[in-house]
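Inspection log for the structure reproduced underneath, given as structure tokens.
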Number of protein chains: 2
Amino acid sequence: MPATMRDVAEKAHVSIKTVSRVVNEQGEVADETRQRVLATIDELGYHPSKVARALVTQRTDTIGMIIGDITNPYFFEVARGVLDGADLKGYGVFVCNSDGHPEQEIRALHTLANHAVDGIITFPAWENEAYIKSFADDHPPIVAINRSFEHPGIGLVLTDIRTGARLAVDHLVDRGHSAIAMLAGEAPCLDTLQRVQGFRDGIRAHGLEIGEEWILSGRPTLSQGHASTLQLLKQYPEITAIFAYNDLIALGAIQACHELGRRVPDDCAIVGFDDFQFAAMVKPALTTISVDKYELGRQATTLLLNMLHKPKETHPPIHMDVELVVRESA
Amino acid sequence: MPATMRDVAEKAHVSIKTVSRVVNEQGEVADETRQRVLATIDELGYHPSKVARALVTQRTDTIGMIIGDITNPYFFEVARGVLDGADLKGYGVFVCNSDGHPEQEIRALHTLANHAVDGIITFPAWENEAYIKSFADDHPPIVAINRSFEHPGIGLVLTDIRTGARLAVDHLVDRGHSAIAMLAGEAPCLDTLQRVQGFRDGIRAHGLEIGEEWILSGRPTLSQGHASTLQLLKQYPEITAIFAYNDLIALGAIQACHELGRRVPDDCAIVGFDDFQFAAMVKPALTTISVDKYELGRQATTLLLNMLHKPKETHPPIHMDVELVVRESA
DNA sequence: CTGAAAGCGCTTACAG
DNA sequence: CTGAAAGCGCTTACAG
């Protein structure tokens, strides 16, 4: 039985509308009246109901975030940025987990819509491109991270992944490697495509030749990285360097190297991607491509809120830079 | 302009109430009518508005979660369990971040209440004990993790921390150590208290004597662990083993040992707490006290939902076991 | 500067 | 088996 606006109104001997006015700091209210209402609000411990307000304004002051793989630390670092960015602007965050399944992402999209979030931030499954575009037509704005889903109502935050992959290859070549393999992500996803493009850019620029069979796809997990590396190095022992889709895969690759008696980086150099929270703490410390994930989350939130508040304007994609961080693994 | 219940009703030539009945699967509806309504719902792509429903039922099918330190992987592993547990029961999760500040936690509590979440899961700041208890009196149920806040409306999930600390000491003594220091957490918090108790239990049981100056308090972060260890080992070089409040602190301690030219575990053994996601991947791999954080999150959610659905019943605290995991650091 | 009425999109008794 | 009325707690024009 928390106090309602009517309770405040009665106790303060004003109309409900006047209470609403002082709560929302809108319209002129006599100073004396305002003080009385404020005092009553305080006395009753009144907090306006967001639910009731939402029903009429159609805004909930809430954004939804769909996280792909919740065990991947990358997402949590982005999530931090989103949470902070939203909080700063008075928005709450409703979190869903798609576990990387396209159908679950669609379910999450509707869960969020039913809860009437004002906007959504997601790392869409590439399979959902068409669905999300049509979803955006009659739903709140969406910010898609690392996807080129150009469409009205969809804002884009894009990491310069291709350049990152290129930097990785350049570094490996610098260190004298020419037999460089790649552990890619899952197939036709932009994250993977751009890494592969950057990888090929580098290989080509340095006049190397790499067979397709040295580019392996797989889930972006530690165990996948482990398994793929085992397979790769057994089949092609001549490989001396690996560029991994992300740090988790790189970690798995390092484990595999240990098991195969290959020292990292001496017998096999490994470059990761993301520069996740513990990249510097593992053994050997990861050489990796760094992305400012927190800032990415912040930017995504800023973009989304801009889209909410200025729906008429165009909101160009935001680009995030990458950086090579050299540690021990390559 | 998503379809409303009235739109469906008009198009299907029934009353709004009948639509409500089929949506909620309550009451008898003629089969033919139901089919017609269902078809119309599908055709219009109708989704019931959670906010309208919430206004009348006073339930939002949403729980709130307040995360302490969002950079600490411990919380995210718990969060995964909460997210999954809630999703399984059709609940959404509204996430707030308190950053470990008591005032921010209070703010988060009210944000969640204003959004009318049905219940709240939090790792309360010990300073907020009184506040949270009185908050619980006229607000939705709360589940507090690792706090002995016994109070109506507050459910408890408690990790057997004291035993964990004891196991750590036993292990260190087993390995021949007698000069054992402790890097505790922040002062009068239950997490710290119980670890210190368990630590003293072990020291006493093995007939050792440890001065108070070998028990250092500090924030549960890597950099704090680093700084404290530097200070500790410079001042008391006779120390050969450290029990750390959590894995982050343990990691910092390991770094510090490296810098001081002390090998881990030979010159200084280190035991952590939590068994976080990368405990096995760091160098050296962490010996630590393992807690099933995911399960903890699941249990907390189950408890909260039970409290929601069976408010009359008593809901005894849930206890989580711990386990010693021996790796390389001790 | 302040208020009475209508309505946001649902559900809850109450009838029929 | 189905419907008309009231109301959840607010805000939005519209008056005065």
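Convention: chains lettered A, B, ... in structure tokens order; per-chain residue numbering from 1; ligands numbered from 1 as shown.
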Leaving out Arg327 of chain A and any residue of its chain fewer than 3 positions from it, which residues lie within 7 Å of it when counting only C-alpha atoms (C1' of nucleotides), given as a ChimeraX atom specification? /A:285-287,330
If DSSP is run on the backbone, what residues of segment 150-328 of chain A are strand (DSSP E or B)? A reply as a PyMOL selection string would be ideal. chain A and resi 151+154-159+180-183+215-216+241-244+269-274+282+287-291+318-320+322-325
Extract, using only C-alpha atoms (C1' of nucleotides), all DNA, RNA and protein residues at most 12 Å from Ser134 of chain B, discarding same-chain residues fewer than 2 positions from it, and format them as a list in words.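 After dropping sequence-adjacent residues, the list is Ile106, Asn128, Glu129, Ala130, Tyr131, Ile132, Ala136, Asp137, Asp138, His139, Pro140, Pro141, Ile142, Phe149, Glu150, His151, Pro152, Gly153 and Ile154 of chain B.
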Interface list for chain C, partner chain A, 12 Å threshold, only C-alpha atoms (C1' of nucleotides), as an mmCIF file with N, CA and C atoms (P, O5', C5', C4', C3', O3' and C1' of nucleotides), in the first residue's frame:
data_model
loop_
_atom_site.group_PDB
_atom_site.id
_atom_site.type_symbol
_atom_site.label_atom_id
_atom_site.label_comp_id
_atom_site.auth_asym_id
_atom_site.auth_seq_id
_atom_site.Cartn_x
_atom_site.Cartn_y
_atom_site.Cartn_z
ATOM 1 P P DC C 1 2.331 31.863 -11.075
ATOM 2 O "O5'" DC C 1 0.985 31.213 -10.592
ATOM 3 C "C5'" DC C 1 0.696 30.971 -9.232
ATOM 4 C "C4'" DC C 1 -0.689 30.436 -9.213
ATOM 5 C "C3'" DC C 1 -0.787 28.918 -8.991
ATOM 6 O "O3'" DC C 1 -1.507 28.684 -7.785
ATOM 7 C "C1'" DC C 1 -2.187 29.626 -10.787
ATOM 8 P P DT C 2 -1.579 27.234 -7.168
ATOM 9 O "O5'" DT C 2 -2.863 26.605 -7.861
ATOM 10 C "C5'" DT C 2 -4.151 26.970 -7.376
ATOM 11 C "C4'" DT C 2 -5.207 26.264 -8.187
ATOM 12 C "C3'" DT C 2 -5.212 24.736 -8.061
ATOM 13 O "O3'" DT C 2 -6.399 24.369 -7.382
ATOM 14 C "C1'" DT C 2 -5.547 25.453 -10.306
ATOM 15 P P DG C 3 -6.688 22.839 -7.033
ATOM 16 O "O5'" DG C 3 -7.772 22.450 -8.133
ATOM 17 C "C5'" DG C 3 -8.905 23.295 -8.294
ATOM 18 C "C4'" DG C 3 -9.795 22.755 -9.384
ATOM 19 C "C3'" DG C 3 -10.048 21.245 -9.311
ATOM 20 O "O3'" DG C 3 -11.409 21.015 -9.621
ATOM 21 C "C1'" DG C 3 -9.147 21.780 -11.417
ATOM 22 P P DA C 4 -12.125 19.661 -9.145
ATOM 23 O "O5'" DA C 4 -13.090 19.339 -10.362
ATOM 24 C "C5'" DA C 4 -13.527 20.362 -11.243
ATOM 25 C "C4'" DA C 4 -14.108 19.730 -12.494
ATOM 26 C "C3'" DA C 4 -14.613 18.306 -12.331
ATOM 27 O "O3'" DA C 4 -15.607 18.069 -13.313
ATOM 28 C "C1'" DA C 4 -12.692 18.271 -13.675
ATOM 29 P P DA C 5 -16.171 16.565 -13.581
ATOM 30 O "O5'" DA C 5 -15.408 16.141 -14.922
ATOM 31 C "C5'" DA C 5 -15.441 17.017 -16.045
ATOM 32 C "C4'" DA C 5 -14.916 16.303 -17.280
ATOM 33 C "C3'" DA C 5 -15.320 14.836 -17.393
ATOM 34 O "O3'" DA C 5 -15.583 14.548 -18.760
ATOM 35 C "C1'" DA C 5 -12.963 14.990 -17.337
ATOM 36 P P DA C 6 -16.065 13.069 -19.205
ATOM 37 O "O5'" DA C 6 -14.833 12.549 -20.075
ATOM 38 C "C5'" DA C 6 -14.165 13.467 -20.937
ATOM 39 C "C4'" DA C 6 -12.941 12.800 -21.527
ATOM 40 C "C3'" DA C 6 -13.133 11.312 -21.820
ATOM 41 O "O3'" DA C 6 -12.480 11.005 -23.044
ATOM 42 C "C1'" DA C 6 -11.309 11.594 -20.365
ATOM 43 P P DG C 7 -12.655 9.541 -23.705
ATOM 44 O "O5'" DG C 7 -11.213 8.927 -23.464
ATOM 45 C "C5'" DG C 7 -10.060 9.686 -23.837
ATOM 46 C "C4'" DG C 7 -8.840 8.931 -23.372
ATOM 47 C "C3'" DG C 7 -8.967 7.414 -23.533
ATOM 48 O "O3'" DG C 7 -7.744 6.909 -24.051
ATOM 49 C "C1'" DG C 7 -8.372 7.931 -21.338
ATOM 50 P P DC C 8 -7.719 5.596 -24.939
ATOM 51 O "O5'" DC C 8 -6.234 5.062 -24.784
ATOM 52 C "C5'" DC C 8 -5.104 5.925 -24.827
ATOM 53 C "C4'" DC C 8 -4.053 5.363 -23.908
ATOM 54 C "C3'" DC C 8 -4.081 3.849 -23.804
ATOM 55 O "O3'" DC C 8 -3.146 3.302 -24.740
ATOM 56 C "C1'" DC C 8 -3.857 4.887 -21.624
ATOM 57 P P DG C 9 -3.689 2.243 -25.860
ATOM 58 O "O5'" DG C 9 -3.792 0.887 -25.044
ATOM 59 C "C5'" DG C 9 -2.627 0.370 -24.430
ATOM 60 C "C4'" DG C 9 -3.025 -0.746 -23.503
ATOM 61 C "C3'" DG C 9 -3.917 -1.821 -24.115
ATOM 62 O "O3'" DG C 9 -3.443 -3.075 -23.682
ATOM 63 C "C1'" DG C 9 -4.890 -1.016 -22.153
ATOM 64 P P DC C 10 -3.905 -4.443 -24.309
ATOM 65 O "O5'" DC C 10 -3.642 -5.388 -23.052
ATOM 66 C "C5'" DC C 10 -4.724 -5.945 -22.348
ATOM 67 C "C4'" DC C 10 -4.630 -5.559 -20.894
ATOM 68 C "C3'" DC C 10 -5.505 -6.414 -20.000
ATOM 69 O "O3'" DC C 10 -4.708 -7.499 -19.508
ATOM 70 C "C1'" DC C 10 -5.775 -4.090 -19.484
#
All alpha helix (DSSP H) positions in segment 57-199 of chain B, as a ChimeraX atom specification: /B:57,73-88,102-114,129-137,161-174,190-199
Closest to chain A among B:Ile318, B:Leu193, B:Leu222, B:Val282, using only C-alpha atoms? B:Val282
Please, which residues of chain B lie no more than 9 Å from chain A when the count uses only C-alpha atoms, and can they be set out as number ranges by chain? B: 1-2, 47-52, 54-55, 60, 64, 70-71, 73, 76-77, 80, 83-84, 87, 92-97, 110-116, 138-139, 251, 255, 277-278, 281-285
Take the residues that were just selected and, keeping N, CA and C atoms, output them as a compact mmCIF listing (two decimals), in the first residue's frame.
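Saved result, out.txt, follows:
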# COMPACT_ATOMS: atom_id res chain seq x y z
N MET B 1 2.01 1.86 -33.02
CA MET B 1 0.61 1.46 -33.18
C MET B 1 0.41 -0.05 -33.21
N PRO B 2 0.99 -0.71 -32.24
CA PRO B 2 0.71 -2.15 -32.16
C PRO B 2 -0.76 -2.37 -31.82
N HIS B 47 0.18 -8.47 -29.09
CA HIS B 47 0.86 -8.91 -27.87
C HIS B 47 0.27 -8.10 -26.72
N PRO B 48 -0.18 -8.76 -25.68
CA PRO B 48 -0.78 -8.01 -24.57
C PRO B 48 0.23 -7.06 -23.93
N SER B 49 -0.23 -5.92 -23.53
CA SER B 49 0.64 -4.94 -22.90
C SER B 49 0.87 -5.28 -21.43
N LYS B 50 2.14 -5.55 -21.13
CA LYS B 50 2.48 -5.88 -19.75
C LYS B 50 2.22 -4.68 -18.84
N VAL B 51 2.38 -3.47 -19.37
CA VAL B 51 2.24 -2.34 -18.46
C VAL B 51 0.78 -2.12 -18.10
N ALA B 52 -0.11 -2.29 -19.06
CA ALA B 52 -1.53 -2.15 -18.73
C ALA B 52 -1.95 -3.23 -17.73
N ALA B 54 -0.03 -4.72 -15.67
CA ALA B 54 0.63 -4.48 -14.39
C ALA B 54 -0.15 -3.46 -13.56
N LEU B 55 -0.71 -2.50 -14.25
CA LEU B 55 -1.41 -1.44 -13.52
C LEU B 55 -2.57 -2.02 -12.71
N THR B 60 4.35 -7.21 -12.38
CA THR B 60 4.98 -6.86 -13.66
C THR B 60 5.67 -8.05 -14.30
N GLY B 64 13.93 -7.49 -9.99
CA GLY B 64 15.06 -6.58 -10.07
C GLY B 64 16.29 -7.24 -9.48
N ILE B 70 30.22 -4.36 -10.67
CA ILE B 70 29.95 -4.97 -11.97
C ILE B 70 31.21 -5.42 -12.68
N THR B 71 32.37 -5.00 -12.18
CA THR B 71 33.61 -5.45 -12.81
C THR B 71 34.09 -6.77 -12.21
N PRO B 73 33.88 -10.51 -11.72
CA PRO B 73 33.25 -11.60 -12.47
C PRO B 73 32.35 -12.47 -11.60
N PHE B 76 28.76 -11.58 -12.14
CA PHE B 76 28.19 -11.95 -13.42
C PHE B 76 27.86 -13.42 -13.50
N GLU B 77 28.63 -14.22 -12.82
CA GLU B 77 28.30 -15.64 -12.86
C GLU B 77 27.02 -15.88 -12.07
N ARG B 80 24.08 -14.69 -14.29
CA ARG B 80 23.67 -15.69 -15.28
C ARG B 80 22.61 -16.61 -14.70
N LEU B 83 19.33 -14.72 -14.33
CA LEU B 83 18.70 -14.50 -15.63
C LEU B 83 18.03 -15.77 -16.13
N ASP B 84 18.77 -16.86 -16.08
CA ASP B 84 18.21 -18.13 -16.56
C ASP B 84 17.03 -18.57 -15.72
N ASP B 87 14.01 -16.34 -16.46
CA ASP B 87 13.51 -16.57 -17.81
C ASP B 87 12.68 -17.86 -17.87
N GLY B 92 11.08 -11.37 -16.36
CA GLY B 92 12.14 -10.57 -16.91
C GLY B 92 13.02 -10.06 -15.78
N VAL B 93 14.19 -9.57 -16.11
CA VAL B 93 15.12 -9.10 -15.09
C VAL B 93 15.56 -7.66 -15.37
N PHE B 94 15.37 -6.85 -14.39
CA PHE B 94 15.72 -5.45 -14.44
C PHE B 94 17.00 -5.29 -13.63
N VAL B 95 18.07 -4.87 -14.28
CA VAL B 95 19.37 -4.87 -13.61
C VAL B 95 19.81 -3.46 -13.21
N CYS B 96 20.23 -3.31 -11.98
CA CYS B 96 20.82 -2.06 -11.52
C CYS B 96 22.21 -2.35 -10.98
N ASN B 97 23.01 -1.34 -10.94
CA ASN B 97 24.37 -1.47 -10.48
C ASN B 97 24.57 -0.52 -9.30
N HIS B 110 14.86 1.94 -4.87
CA HIS B 110 13.69 2.75 -5.19
C HIS B 110 13.41 2.78 -6.69
N THR B 111 14.46 2.81 -7.47
CA THR B 111 14.24 2.71 -8.92
C THR B 111 13.44 1.45 -9.23
N LEU B 112 13.86 0.36 -8.64
CA LEU B 112 13.18 -0.91 -8.89
C LEU B 112 11.75 -0.88 -8.37
N ALA B 113 11.57 -0.31 -7.20
CA ALA B 113 10.22 -0.21 -6.65
C ALA B 113 9.33 0.65 -7.53
N ASN B 114 9.86 1.76 -8.02
CA ASN B 114 9.07 2.63 -8.89
C ASN B 114 8.68 1.91 -10.17
N HIS B 115 9.55 1.05 -10.63
CA HIS B 115 9.22 0.27 -11.82
C HIS B 115 8.36 -0.94 -11.45
N ALA B 116 8.02 -1.02 -10.19
CA ALA B 116 7.09 -2.05 -9.72
C ALA B 116 7.54 -3.47 -9.99
N ASP B 138 7.27 -2.45 3.47
CA ASP B 138 6.21 -1.97 2.60
C ASP B 138 6.62 -2.01 1.13
N HIS B 139 7.37 -3.06 0.78
CA HIS B 139 7.80 -3.20 -0.62
C HIS B 139 7.82 -4.68 -0.97
N LEU B 251 44.90 -12.76 -7.49
CA LEU B 251 45.62 -12.43 -8.73
C LEU B 251 46.57 -11.26 -8.49
N GLN B 255 50.73 -11.17 -8.78
CA GLN B 255 51.50 -10.14 -9.48
C GLN B 255 52.57 -9.54 -8.56
N GLN B 277 35.70 -17.68 -13.28
CA GLN B 277 35.76 -18.28 -14.61
C GLN B 277 37.17 -18.57 -15.14
N PHE B 278 38.13 -17.73 -14.80
CA PHE B 278 39.45 -17.90 -15.39
C PHE B 278 40.50 -18.36 -14.38
N MET B 281 43.03 -20.57 -15.70
CA MET B 281 43.78 -20.10 -16.86
C MET B 281 44.91 -19.16 -16.52
N VAL B 282 44.91 -18.62 -15.31
CA VAL B 282 45.93 -17.65 -14.98
C VAL B 282 47.24 -18.35 -14.64
N LYS B 283 48.24 -17.57 -14.40
CA LYS B 283 49.58 -18.12 -14.19
C LYS B 283 50.12 -17.71 -12.84
N PRO B 284 50.36 -18.57 -11.91
CA PRO B 284 49.98 -19.99 -11.94
C PRO B 284 48.48 -20.15 -11.70
N ALA B 285 47.95 -21.29 -12.12
CA ALA B 285 46.52 -21.54 -11.94
C ALA B 285 46.17 -21.46 -10.45
Of A:Ala3, A:Ile120, A:Ile145, A:Val19, the one nearest to DT11 of chain D when counting only C-alpha atoms (C1' of nucleotides) is A:Val19
Quick one: pull the distance between atom CA of Leu38 of chain B and atom CA of Arg59 of chain A, Å, one decimal.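 According to the coordinates, atom CA of Leu38 of chain B and atom CA of Arg59 of chain A are separated by 28.0 Å.
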For segment 308-313 of chain B, list every protein, DNA or RNA residue within 9 Å, evaluated using only C-alpha atoms (C1' of nucleotides), and leave out those in the same chain fewer than 2 positions away; present the list as a PyMOL selection string. chain B and resi 118-119+140-141+153+303-306+315
Just want the 9 Å neighbourhood of Glu127 of chain B, counted on only C-alpha atoms (C1' of nucleotides), with same-chain residues fewer than 6 positions away dropped. Output as a PyMOL selection string. chain B and resi 102+188-189
Taken to one decimal, the atom CA of Asp160 of chain B-atom CA of His319 of chain B distance is 6.8 Å
For segment 236-249 of chain B, work out the shell of residues within 7 Å, counting only C-alpha atoms (C1' of nucleotides) and skipping chain neighbours fewer than 5 positions away, then give it as a list of chain:residue names.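 My reading of the contact set: B:Ala168, B:His177, B:Ala179, B:Ile180, B:Ala181, B:Met182, B:Leu183, B:Ala184, B:Gly185, B:Pro220, B:Thr221, B:Leu222, B:Gln224, B:Gly225, B:Asp267, B:Cys268, B:Ala269, B:Ile270, B:Val271, B:Gly272, B:Phe273, B:Asp274, B:Asp275, B:Phe276.
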